[in-house]
Every structure is written in structure tokens, then in C-alpha cells.
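Trainee: Have a peek at upload36.pdb (PDB, C-alpha atoms).
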```pdb
ATOM      1  CA  MET H 375      57.883  87.923 -34.141  1.00  0.00           C
ATOM      2  CA  GLU H 376      55.079  87.132 -31.696  1.00  0.00           C
ATOM      3  CA  PHE H 377      52.736  86.743 -34.655  1.00  0.00           C
ATOM      4  CA  LEU H 378      55.026  84.164 -36.306  1.00  0.00           C
ATOM      5  CA  ILE H 379      55.403  82.277 -33.045  1.00  0.00           C
ATOM      6  CA  SER H 380      51.643  82.127 -32.505  1.00  0.00           C
ATOM      7  CA  LEU H 381      51.015  81.210 -36.153  1.00  0.00           C
ATOM      8  CA  LEU H 382      53.715  78.583 -36.775  1.00  0.00           C
ATOM      9  CA  GLY H 383      54.080  77.106 -33.287  1.00  0.00           C
ATOM     10  CA  PRO H 384      50.766  75.221 -33.247  1.00  0.00           C
ATOM     11  CA  LEU H 385      51.571  73.800 -36.704  1.00  0.00           C
ATOM     12  CA  HIS H 386      54.541  71.837 -35.331  1.00  0.00           C
ATOM     13  CA  PRO H 387      52.578  68.580 -34.849  1.00  0.00           C
ATOM     14  CA  ALA H 388      51.536  68.707 -38.520  1.00  0.00           C
ATOM     15  CA  PHE H 389      54.974  69.721 -39.822  1.00  0.00           C
ATOM     16  CA  VAL H 390      56.858  66.918 -38.050  1.00  0.00           C
ATOM     17  CA  HIS H 391      55.264  64.159 -40.067  1.00  0.00           C
ATOM     18  CA  PHE H 392      56.785  65.292 -43.375  1.00  0.00           C
ATOM     19  CA  PRO H 393      60.470  64.684 -42.552  1.00  0.00           C
ATOM     20  CA  ILE H 394      59.633  61.403 -40.841  1.00  0.00           C
ATOM     21  CA  VAL H 395      57.663  60.006 -43.776  1.00  0.00           C
ATOM     22  CA  CYS H 396      59.946  61.427 -46.483  1.00  0.00           C
ATOM     23  CA  SER H 397      63.067  60.002 -44.823  1.00  0.00           C
ATOM     24  CA  ILE H 398      61.463  56.554 -44.587  1.00  0.00           C
ATOM     25  CA  LEU H 399      60.204  56.664 -48.193  1.00  0.00           C
ATOM     26  CA  GLY H 400      63.627  57.858 -49.398  1.00  0.00           C
ATOM     27  CA  ALA H 401      65.385  54.974 -47.649  1.00  0.00           C
ATOM     28  CA  VAL H 402      62.851  52.450 -48.993  1.00  0.00           C
ATOM     29  CA  SER H 403      63.211  53.874 -52.521  1.00  0.00           C
ATOM     30  CA  CYS H 404      66.971  53.488 -52.283  1.00  0.00           C
ATOM     31  CA  LEU H 405      66.640  49.917 -51.004  1.00  0.00           C
ATOM     32  CA  VAL H 406      64.149  48.927 -53.721  1.00  0.00           C
ATOM     33  CA  PHE H 407      66.490  50.468 -56.317  1.00  0.00           C
ATOM     34  CA  TRP H 408      69.204  48.112 -55.060  1.00  0.00           C
ATOM     35  CA  PHE H 409      67.052  45.140 -56.063  1.00  0.00           C
ATOM     36  CA  THR H 410      65.359  46.469 -59.210  1.00  0.00           C
ATOM     37  CA  LYS H 411      67.994  48.862 -60.653  1.00  0.00           C
ATOM     38  CA  LYS H 412      65.205  51.198 -61.838  1.00  0.00           C
ATOM     39  CA  GLU H 413      66.835  54.601 -62.097  1.00  0.00           C
ATOM     40  CA  TRP H 414      63.692  56.539 -61.263  1.00  0.00           C
ATOM     41  CA  LEU H 415      63.805  55.080 -57.741  1.00  0.00           C
ATOM     42  CA  GLU H 416      67.231  56.598 -57.150  1.00  0.00           C
ATOM     43  CA  ASP H 417      65.948  59.946 -58.393  1.00  0.00           C
ATOM     44  CA  ALA H 418      62.883  59.600 -56.153  1.00  0.00           C
ATOM     45  CA  ALA H 419      65.132  58.956 -53.155  1.00  0.00           C
ATOM     46  CA  ALA H 420      67.168  62.059 -54.003  1.00  0.00           C
ATOM     47  CA  TRP H 421      64.065  64.256 -54.168  1.00  0.00           C
ATOM     48  CA  LEU H 422      62.601  62.731 -51.003  1.00  0.00           C
ATOM     49  CA  TRP H 423      65.824  63.375 -49.092  1.00  0.00           C
ATOM     50  CA  MET H 424      65.915  66.983 -50.231  1.00  0.00           C
ATOM     51  CA  ILE H 425      62.287  67.403 -49.130  1.00  0.00           C
ATOM     52  CA  THR H 426      63.199  65.692 -45.835  1.00  0.00           C
ATOM     53  CA  PHE H 427      65.849  68.300 -45.088  1.00  0.00           C
ATOM     54  CA  LEU H 428      63.730  71.303 -46.026  1.00  0.00           C
ATOM     55  CA  THR H 429      60.703  70.107 -44.071  1.00  0.00           C
ATOM     56  CA  ALA H 430      62.955  69.223 -41.119  1.00  0.00           C
ATOM     57  CA  LEU H 431      64.109  72.846 -40.997  1.00  0.00           C
ATOM     58  CA  ALA H 432      60.491  74.034 -40.967  1.00  0.00           C
ATOM     59  CA  SER H 433      59.646  71.441 -38.349  1.00  0.00           C
ATOM     60  CA  GLY H 434      62.548  72.483 -36.130  1.00  0.00           C
ATOM     61  CA  LEU H 435      61.661  76.159 -36.292  1.00  0.00           C
ATOM     62  CA  SER H 436      57.997  75.452 -35.589  1.00  0.00           C
ATOM     63  CA  GLY H 437      59.066  73.207 -32.696  1.00  0.00           C
ATOM     64  CA  HIS H 438      60.958  76.045 -31.062  1.00  0.00           C
ATOM     65  CA  PHE H 439      57.948  78.290 -31.583  1.00  0.00           C
ATOM     66  CA  PHE H 440      55.648  75.577 -30.193  1.00  0.00           C
ATOM     67  CA  SER H 441      57.664  75.268 -26.986  1.00  0.00           C
ATOM     68  CA  LEU H 442      57.412  79.052 -26.602  1.00  0.00           C
ATOM     69  CA  THR H 443      53.660  78.983 -27.322  1.00  0.00           C
ATOM     70  CA  LEU H 444      53.080  76.261 -24.707  1.00  0.00           C
ATOM     71  CA  GLY H 445      55.196  78.111 -22.167  1.00  0.00           C
ATOM     72  CA  LEU H 446      57.673  75.246 -21.821  1.00  0.00           C
ATOM     73  CA  VAL H 447      60.523  77.717 -22.331  1.00  0.00           C
ATOM     74  CA  ASP H 448      60.551  81.466 -21.847  1.00  0.00           C
ATOM     75  CA  HIS H 449      63.079  82.379 -24.554  1.00  0.00           C
ATOM     76  CA  PHE H 450      64.393  80.992 -27.825  1.00  0.00           C
ATOM     77  CA  SER H 451      67.155  78.454 -27.164  1.00  0.00           C
ATOM     78  CA  PRO H 452      68.612  75.947 -29.660  1.00  0.00           C
ATOM     79  CA  ILE H 453      68.819  73.272 -26.960  1.00  0.00           C
ATOM     80  CA  PRO H 454      66.385  73.626 -24.049  1.00  0.00           C
ATOM     81  CA  PRO H 455      67.610  73.142 -20.466  1.00  0.00           C
ATOM     82  CA  GLU H 456      67.290  69.732 -18.805  1.00  0.00           C
ATOM     83  CA  THR H 457      64.803  71.121 -16.315  1.00  0.00           C
ATOM     84  CA  VAL H 458      62.082  71.511 -18.955  1.00  0.00           C
ATOM     85  CA  HIS H 459      59.544  68.682 -18.987  1.00  0.00           C
ATOM     86  CA  HIS H 460      61.862  66.333 -17.037  1.00  0.00           C
ATOM     87  CA  GLY H 461      64.529  66.565 -19.753  1.00  0.00           C
ATOM     88  CA  LEU H 462      62.254  65.135 -22.446  1.00  0.00           C
ATOM     89  CA  LEU H 463      62.221  68.354 -24.447  1.00  0.00           C
ATOM     90  CA  ARG H 464      66.028  68.478 -24.372  1.00  0.00           C
ATOM     91  CA  ASP H 465      66.289  64.837 -25.531  1.00  0.00           C
ATOM     92  CA  HIS H 466      63.752  65.531 -28.266  1.00  0.00           C
ATOM     93  CA  ALA H 467      65.739  68.566 -29.446  1.00  0.00           C
ATOM     94  CA  LEU H 468      69.057  66.675 -29.403  1.00  0.00           C
ATOM     95  CA  TRP H 469      67.652  63.803 -31.484  1.00  0.00           C
ATOM     96  CA  ALA H 470      66.189  66.397 -33.854  1.00  0.00           C
ATOM     97  CA  VAL H 471      69.559  68.129 -34.280  1.00  0.00           C
ATOM     98  CA  GLY H 472      71.198  64.803 -35.149  1.00  0.00           C
ATOM     99  CA  ALA H 473      68.427  63.983 -37.605  1.00  0.00           C
ATOM    100  CA  VAL H 474      68.620  67.387 -39.309  1.00  0.00           C
ATOM    101  CA  LEU H 475      72.415  67.153 -39.640  1.00  0.00           C
ATOM    102  CA  ASN H 476      72.060  63.708 -41.194  1.00  0.00           C
ATOM    103  CA  ALA H 477      69.338  65.042 -43.485  1.00  0.00           C
ATOM    104  CA  GLY H 478      71.697  67.846 -44.503  1.00  0.00           C
ATOM    105  CA  PHE H 479      74.185  65.273 -45.779  1.00  0.00           C
ATOM    106  CA  LEU H 480      71.371  63.559 -47.658  1.00  0.00           C
ATOM    107  CA  PHE H 481      70.331  66.896 -49.161  1.00  0.00           C
ATOM    108  CA  ILE H 482      73.846  67.273 -50.574  1.00  0.00           C
ATOM    109  CA  ALA H 483      73.819  63.636 -51.718  1.00  0.00           C
ATOM    110  CA  GLY H 484      70.472  64.222 -53.430  1.00  0.00           C
ATOM    111  CA  ILE H 485      71.810  67.207 -55.342  1.00  0.00           C
ATOM    112  CA  ALA H 486      74.869  65.185 -56.363  1.00  0.00           C
ATOM    113  CA  ARG H 487      72.603  62.363 -57.576  1.00  0.00           C
ATOM    114  CA  LEU H 488      70.490  64.712 -59.677  1.00  0.00           C
ATOM    115  CA  LYS H 489      73.674  66.193 -61.173  1.00  0.00           C
ATOM    116  CA  LYS H 490      74.614  62.620 -62.196  1.00  0.00           C
ATOM    117  CA  LYS H 491      77.549  62.561 -59.746  1.00  0.00           C
ATOM    118  CA  PRO H 492      76.116  60.211 -57.120  1.00  0.00           C
ATOM    119  CA  TRP H 493      77.804  59.390 -53.864  1.00  0.00           C
ATOM    120  CA  PRO H 494      78.641  55.700 -53.302  1.00  0.00           C
ATOM    121  CA  PHE H 495      75.419  53.723 -53.082  1.00  0.00           C
ATOM    122  CA  SER H 496      76.269  52.091 -49.735  1.00  0.00           C
ATOM    123  CA  LEU H 497      76.872  55.539 -48.219  1.00  0.00           C
ATOM    124  CA  GLN H 498      73.521  56.807 -49.515  1.00  0.00           C
ATOM    125  CA  LEU H 499      71.720  53.739 -48.215  1.00  0.00           C
ATOM    126  CA  GLY H 500      73.408  53.943 -44.807  1.00  0.00           C
ATOM    127  CA  LEU H 501      72.694  57.650 -44.443  1.00  0.00           C
ATOM    128  CA  GLY H 502      69.115  57.084 -45.587  1.00  0.00           C
ATOM    129  CA  PHE H 503      68.333  54.446 -42.990  1.00  0.00           C
ATOM    130  CA  THR H 504      70.207  56.373 -40.285  1.00  0.00           C
ATOM    131  CA  CYS H 505      68.139  59.447 -41.123  1.00  0.00           C
ATOM    132  CA  ALA H 506      64.870  57.501 -40.920  1.00  0.00           C
ATOM    133  CA  LEU H 507      65.959  56.005 -37.587  1.00  0.00           C
ATOM    134  CA  LEU H 508      66.955  59.396 -36.158  1.00  0.00           C
ATOM    135  CA  PHE H 509      63.673  60.996 -37.194  1.00  0.00           C
ATOM    136  CA  GLY H 510      61.819  58.015 -35.725  1.00  0.00           C
ATOM    137  CA  LEU H 511      63.627  58.423 -32.393  1.00  0.00           C
ATOM    138  CA  THR H 512      62.942  62.158 -32.481  1.00  0.00           C
ATOM    139  CA  GLY H 513      59.255  61.401 -33.002  1.00  0.00           C
ATOM    140  CA  GLN H 514      59.262  58.847 -30.211  1.00  0.00           C
ATOM    141  CA  HIS H 515      60.638  61.386 -27.753  1.00  0.00           C
ATOM    142  CA  GLY H 516      58.091  63.936 -28.942  1.00  0.00           C
ATOM    143  CA  GLY H 517      55.337  61.386 -28.433  1.00  0.00           C
ATOM    144  CA  GLU H 518      56.533  60.663 -24.908  1.00  0.00           C
ATOM    145  CA  MET H 519      56.105  64.339 -24.088  1.00  0.00           C
ATOM    146  CA  VAL H 520      52.582  64.399 -25.502  1.00  0.00           C
ATOM    147  CA  TYR H 521      51.246  60.975 -24.550  1.00  0.00           C
ATOM    148  CA  GLY H 522      53.549  59.961 -21.705  1.00  0.00           C
ATOM    149  CA  GLY H 523      56.060  57.138 -21.523  1.00  0.00           C
ATOM    150  CA  GLU H 524      55.561  53.522 -20.509  1.00  0.00           C
ATOM    151  CA  ASP H 525      55.957  54.347 -16.821  1.00  0.00           C
ATOM    152  CA  SER H 526      53.191  56.996 -16.916  1.00  0.00           C
TER     153      SER H 526
END
```
Please render this file's structure as C-alpha cells.
Mentor:
Amino acid sequence: MEFLISLLGPLHPAFVHFPIVCSILGAVSCLVFWFTKKEWLEDAAAWLWMITFLTALASGLSGHFFSLTLGLVDHFSPIPPETVHHGLLRDHALWAVGAVLNAGFLFIAGIARLKKKPWPFSLQLGLGFTCALLFGLTGQHGGEMVYGGEDS
């Protein structure tokens, strides 16, 4: 297990960009579909949302490993205590959990779309933009830990 932690932990900064970008591109694809009615855009959104969920899982696991590698926490915990890094790590993890749960719904919606049984378009669009927003907020909190906040 130590080998996996030391191997995957440092990759967290690289992994996190995939769910952020894929969620944004999926939401934009869905929005552009609304105006153009080009079916391939709806399919693209479905695939992007499925990739978002899968890469979010990898990102979350690597994030836990990264916090162990950096010594921020001393054991694996789904939600870190508030005492770690002035509560920023906890906030980051909570936003990430919300984003991954939202991405899970989009994963199911993507499968339904590819099976030609799409969820209502407004629901897909709302979930898509919510997912992009949640991953953006997760990234913001991660950035505050790395680069400091405005009051630093």
C-alpha cells in the first residue's frame, strides 16, 4: 500500500484537471446542443460526463494519498479533521464529495443517453453546470491550500 501511496499521491495535481475540464466541456456541449440540435454534441456531453466521474474517482483517491504523502494526515480518512491546514483540506474534501456525487448522477445520465433513453434535457443541463461549478469550487479550495488565499 505504501508503494501505491507514494506512486499515486504526487500525481494528484495532474489528475485533478481532468474532471474539472471534462465537466466544463460536457456542460458546454450540452448548452451548444440546445442551440444547434446537433446530436453528436449530446453524445459528446454523455461521454465527457462519464469520463468526468471516472477521473474524479482517480483524483479523489490520489488526493487522499497525496495528503498522506505530504504528512497532512497520518491515516486514511474520507473527510479530514478541521484541524488540518486550518480546515482548508476538510473544505476541499467536502466540495470534492459533492462534485463526485453530482458526477455520479451525470455518469448514469450519460449511460441513459447512449442507450437512447435520455433524461430530461433541463435536468442534464442543470446537473452539468452544477457539476462544473462544484469541481471549480473544489479546485479553488485546493488552490488556496497550495497558493494561499487572498488574505495571505
Trainee: So which one's closest to Phe503 of chain H, H:Pro454, H:Gly400, H:Gly522, H:Gly445? Using all atoms listed in the file, please.
Mentor: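 When distances to Phe503 of chain H are compared using all atoms listed in the file, the smallest one comes from H:Gly400.
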Trainee: Starting from the PyMOL selection byres ((chain H and resi 388) around 12), expand the selection into actual residues of this file and give them as a PyMOL selection string.
Mentor: chain H and resi 382-387+389-395+429-430+432-434+436-437+440+513
Trainee: Would you translate the PyMOL selection byres ((chain H and resi 417) around 10) into the concrete set of residues it matches in this file, as an MDAnalysis selection string?
Mentor: chainID H and resid 400 403:404 407 412:416 418:423 484:485 487:488 490
Trainee: Which centre and which edge lengths, in Å to one decimal, describe the axis-aligned box that holds all listed atoms of segment 424-441 of chain H after 3 Å is added on each side, as lines of an AutoDock Vina configuration file?
Mentor:
```
center_x = 60.8
center_y = 72.0
center_z = -38.6
size_x = 16.3
size_y = 18.6
size_z = 29.2
```
Trainee: Give me, please, the distance in Å between atom CA of Pro452 of chain H and atom CA of Leu381 of chain H, quoted to one decimal.
Mentor: 19.5 Å
Trainee: Under the PyMOL selection byres ((chain H and resi 499) around 10), which residues of this model are included? Write them out as an mmCIF file with C-alpha atoms, keeping the file's coordinate frame.
Mentor:
```
data_model
loop_
_atom_site.group_PDB
_atom_site.id
_atom_site.type_symbol
_atom_site.label_atom_id
_atom_site.label_comp_id
_atom_site.auth_asym_id
_atom_site.auth_seq_id
_atom_site.Cartn_x
_atom_site.Cartn_y
_atom_site.Cartn_z
ATOM 1 C CA GLY H 400 63.627 57.858 -49.398
ATOM 2 C CA ALA H 401 65.385 54.974 -47.649
ATOM 3 C CA VAL H 402 62.851 52.450 -48.993
ATOM 4 C CA SER H 403 63.211 53.874 -52.521
ATOM 5 C CA CYS H 404 66.971 53.488 -52.283
ATOM 6 C CA LEU H 405 66.640 49.917 -51.004
ATOM 7 C CA TRP H 408 69.204 48.112 -55.060
ATOM 8 C CA ALA H 419 65.132 58.956 -53.155
ATOM 9 C CA LEU H 480 71.371 63.559 -47.658
ATOM 10 C CA PRO H 494 78.641 55.700 -53.302
ATOM 11 C CA PHE H 495 75.419 53.723 -53.082
ATOM 12 C CA SER H 496 76.269 52.091 -49.735
ATOM 13 C CA LEU H 497 76.872 55.539 -48.219
ATOM 14 C CA GLN H 498 73.521 56.807 -49.515
ATOM 15 C CA GLY H 500 73.408 53.943 -44.807
ATOM 16 C CA LEU H 501 72.694 57.650 -44.443
ATOM 17 C CA GLY H 502 69.115 57.084 -45.587
ATOM 18 C CA PHE H 503 68.333 54.446 -42.990
ATOM 19 C CA THR H 504 70.207 56.373 -40.285
ATOM 20 C CA CYS H 505 68.139 59.447 -41.123
#
```
Trainee: Pick from H:Leu508, H:Ala470, H:Ala483, H:Leu463: nearest to Leu431 of chain H, with all atoms listed in the file counted?
Mentor: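 Of all the options, H:Ala470 lies closest to Leu431 of chain H.
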Trainee: So what do you get for atom CA of Pro455 of chain H versus atom CA of Leu428 of chain H, distance-wise?
Mentor: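 Calculated distance between atom CA of Pro455 of chain H and atom CA of Leu428 of chain H is 25.9 Å.
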Trainee: Taking only C-alpha atoms into account, which of H:His466, H:Met375, H:Val474, H:Val520 comes nearest Met424 of chain H?
Mentor: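 Checking each of H:His466, H:Met375, H:Val474, H:Val520 against Met424 of chain H, counting only C-alpha atoms, the winner is H:Val474.
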Trainee: Using atom CA of Ser441 of chain H and atom CA of Gly510 of chain H as the two end points, give the distance in Å to one decimal.
Mentor: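 Distance between the two atoms: 19.8 Å.
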Trainee: Pop segment 426-468 of chain H out of the structure in the block and write N, CA and C atoms as a tab-separated table (two decimals), in the first residue's frame.
Mentor:
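Printed below is out.tsv as written:
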```
chain	number	residue	atom	x	y	z
H	426	THR	N	-15.70	12.36	-16.71
H	426	THR	CA	-15.62	13.21	-15.52
H	426	THR	C	-15.71	12.37	-14.25
H	427	PHE	N	-16.70	11.49	-14.19
H	427	PHE	CA	-16.90	10.68	-13.00
H	427	PHE	C	-15.71	9.75	-12.75
H	428	LEU	N	-15.27	9.06	-13.78
H	428	LEU	CA	-14.17	8.10	-13.61
H	428	LEU	C	-12.87	8.80	-13.20
H	429	THR	N	-12.59	9.94	-13.82
H	429	THR	CA	-11.37	10.66	-13.46
H	429	THR	C	-11.50	11.32	-12.09
H	430	ALA	N	-12.73	11.66	-11.70
H	430	ALA	CA	-12.94	12.22	-10.36
H	430	ALA	C	-12.64	11.17	-9.29
H	431	LEU	N	-13.00	9.92	-9.55
H	431	LEU	CA	-12.67	8.86	-8.60
H	431	LEU	C	-11.16	8.70	-8.46
H	432	ALA	N	-10.46	8.71	-9.59
H	432	ALA	CA	-8.99	8.62	-9.55
H	432	ALA	C	-8.39	9.83	-8.84
H	433	SER	N	-8.96	10.98	-9.09
H	433	SER	CA	-8.47	12.20	-8.48
H	433	SER	C	-8.69	12.17	-6.96
H	434	GLY	N	-9.85	11.70	-6.54
H	434	GLY	CA	-10.14	11.62	-5.12
H	434	GLY	C	-9.21	10.67	-4.39
H	435	LEU	N	-8.99	9.51	-4.97
H	435	LEU	CA	-8.09	8.53	-4.36
H	435	LEU	C	-6.67	9.09	-4.29
H	436	SER	N	-6.22	9.69	-5.39
H	436	SER	CA	-4.86	10.25	-5.38
H	436	SER	C	-4.76	11.41	-4.39
H	437	GLY	N	-5.87	12.15	-4.20
H	437	GLY	CA	-5.87	13.24	-3.23
H	437	GLY	C	-5.67	12.75	-1.80
H	438	HIS	N	-6.35	11.65	-1.48
H	438	HIS	CA	-6.15	11.05	-0.15
H	438	HIS	C	-4.71	10.59	0.01
H	439	PHE	N	-4.18	9.97	-1.04
H	439	PHE	CA	-2.79	9.52	-0.99
H	439	PHE	C	-1.83	10.71	-0.89
H	440	PHE	N	-2.16	11.81	-1.58
H	440	PHE	CA	-1.31	12.99	-1.57
H	440	PHE	C	-1.26	13.60	-0.17
H	441	SER	N	-2.41	13.66	0.50
H	441	SER	CA	-2.41	14.22	1.86
H	441	SER	C	-1.60	13.34	2.81
H	442	LEU	N	-1.59	12.03	2.57
H	442	LEU	CA	-0.75	11.13	3.36
H	442	LEU	C	0.73	11.35	3.04
H	443	THR	N	1.03	11.49	1.74
H	443	THR	CA	2.42	11.69	1.30
H	443	THR	C	3.00	12.98	1.88
H	444	LEU	N	2.19	14.04	1.91
H	444	LEU	CA	2.65	15.33	2.43
H	444	LEU	C	2.68	15.39	3.95
H	445	GLY	N	2.10	14.38	4.58
H	445	GLY	CA	2.06	14.36	6.04
H	445	GLY	C	0.97	15.24	6.62
H	446	LEU	N	0.01	15.66	5.81
H	446	LEU	CA	-1.09	16.48	6.32
H	446	LEU	C	-1.99	15.67	7.24
H	447	VAL	N	-2.16	14.40	6.93
H	447	VAL	CA	-2.92	13.48	7.78
H	447	VAL	C	-2.03	12.26	8.04
H	448	ASP	N	-2.33	11.56	9.14
H	448	ASP	CA	-1.50	10.40	9.46
H	448	ASP	C	-2.18	9.07	9.20
H	449	HIS	N	-3.44	9.10	8.77
H	449	HIS	CA	-4.15	7.88	8.39
H	449	HIS	C	-5.23	8.22	7.35
H	450	PHE	N	-5.65	7.20	6.64
H	450	PHE	CA	-6.67	7.39	5.60
H	450	PHE	C	-8.00	7.74	6.25
H	451	SER	N	-8.59	8.85	5.83
H	451	SER	CA	-9.87	9.29	6.36
H	451	SER	C	-10.66	9.92	5.23
H	452	PRO	N	-11.92	9.51	5.03
H	452	PRO	CA	-12.71	10.09	3.92
H	452	PRO	C	-12.84	11.61	4.01
H	453	ILE	N	-13.06	12.11	5.22
H	453	ILE	CA	-13.14	13.55	5.44
H	453	ILE	C	-12.12	13.90	6.52
H	454	PRO	N	-11.11	14.70	6.17
H	454	PRO	CA	-10.07	15.03	7.15
H	454	PRO	C	-10.63	15.91	8.28
H	455	PRO	N	-9.97	15.89	9.43
H	455	PRO	CA	-10.42	16.75	10.54
H	455	PRO	C	-10.23	18.23	10.23
H	456	GLU	N	-10.98	19.06	10.94
H	456	GLU	CA	-10.90	20.52	10.71
H	456	GLU	C	-9.56	21.11	11.11
H	457	THR	N	-8.82	20.40	11.90
H	457	THR	CA	-7.54	20.92	12.39
H	457	THR	C	-6.45	20.90	11.32
H	458	VAL	N	-6.65	20.16	10.24
H	458	VAL	CA	-5.63	20.03	9.21
H	458	VAL	C	-5.66	21.24	8.29
H	459	HIS	N	-4.54	21.91	8.19
H	459	HIS	CA	-4.35	23.04	7.28
H	459	HIS	C	-5.44	24.10	7.45
H	460	HIS	N	-5.76	24.42	8.69
H	460	HIS	CA	-6.76	25.44	9.05
H	460	HIS	C	-8.15	25.13	8.49
H	461	GLY	N	-8.46	23.86	8.30
H	461	GLY	CA	-9.78	23.47	7.79
H	461	GLY	C	-9.89	23.49	6.28
H	462	LEU	N	-8.86	23.97	5.59
H	462	LEU	CA	-8.93	24.05	4.13
H	462	LEU	C	-9.00	22.67	3.48
H	463	LEU	N	-8.25	21.72	4.03
H	463	LEU	CA	-8.28	20.37	3.46
H	463	LEU	C	-9.67	19.75	3.63
H	464	ARG	N	-10.29	19.98	4.78
H	464	ARG	CA	-11.65	19.47	5.01
H	464	ARG	C	-12.62	20.09	4.02
H	465	ASP	N	-12.58	21.41	3.85
H	465	ASP	CA	-13.46	22.10	2.89
H	465	ASP	C	-13.24	21.55	1.48
H	466	HIS	N	-11.99	21.38	1.12
H	466	HIS	CA	-11.64	20.85	-0.20
H	466	HIS	C	-12.25	19.46	-0.38
H	467	ALA	N	-12.13	18.62	0.63
H	467	ALA	CA	-12.67	17.26	0.55
H	467	ALA	C	-14.19	17.27	0.48
H	468	LEU	N	-14.83	18.15	1.23
H	468	LEU	CA	-16.30	18.21	1.21
H	468	LEU	C	-16.83	18.67	-0.15
```
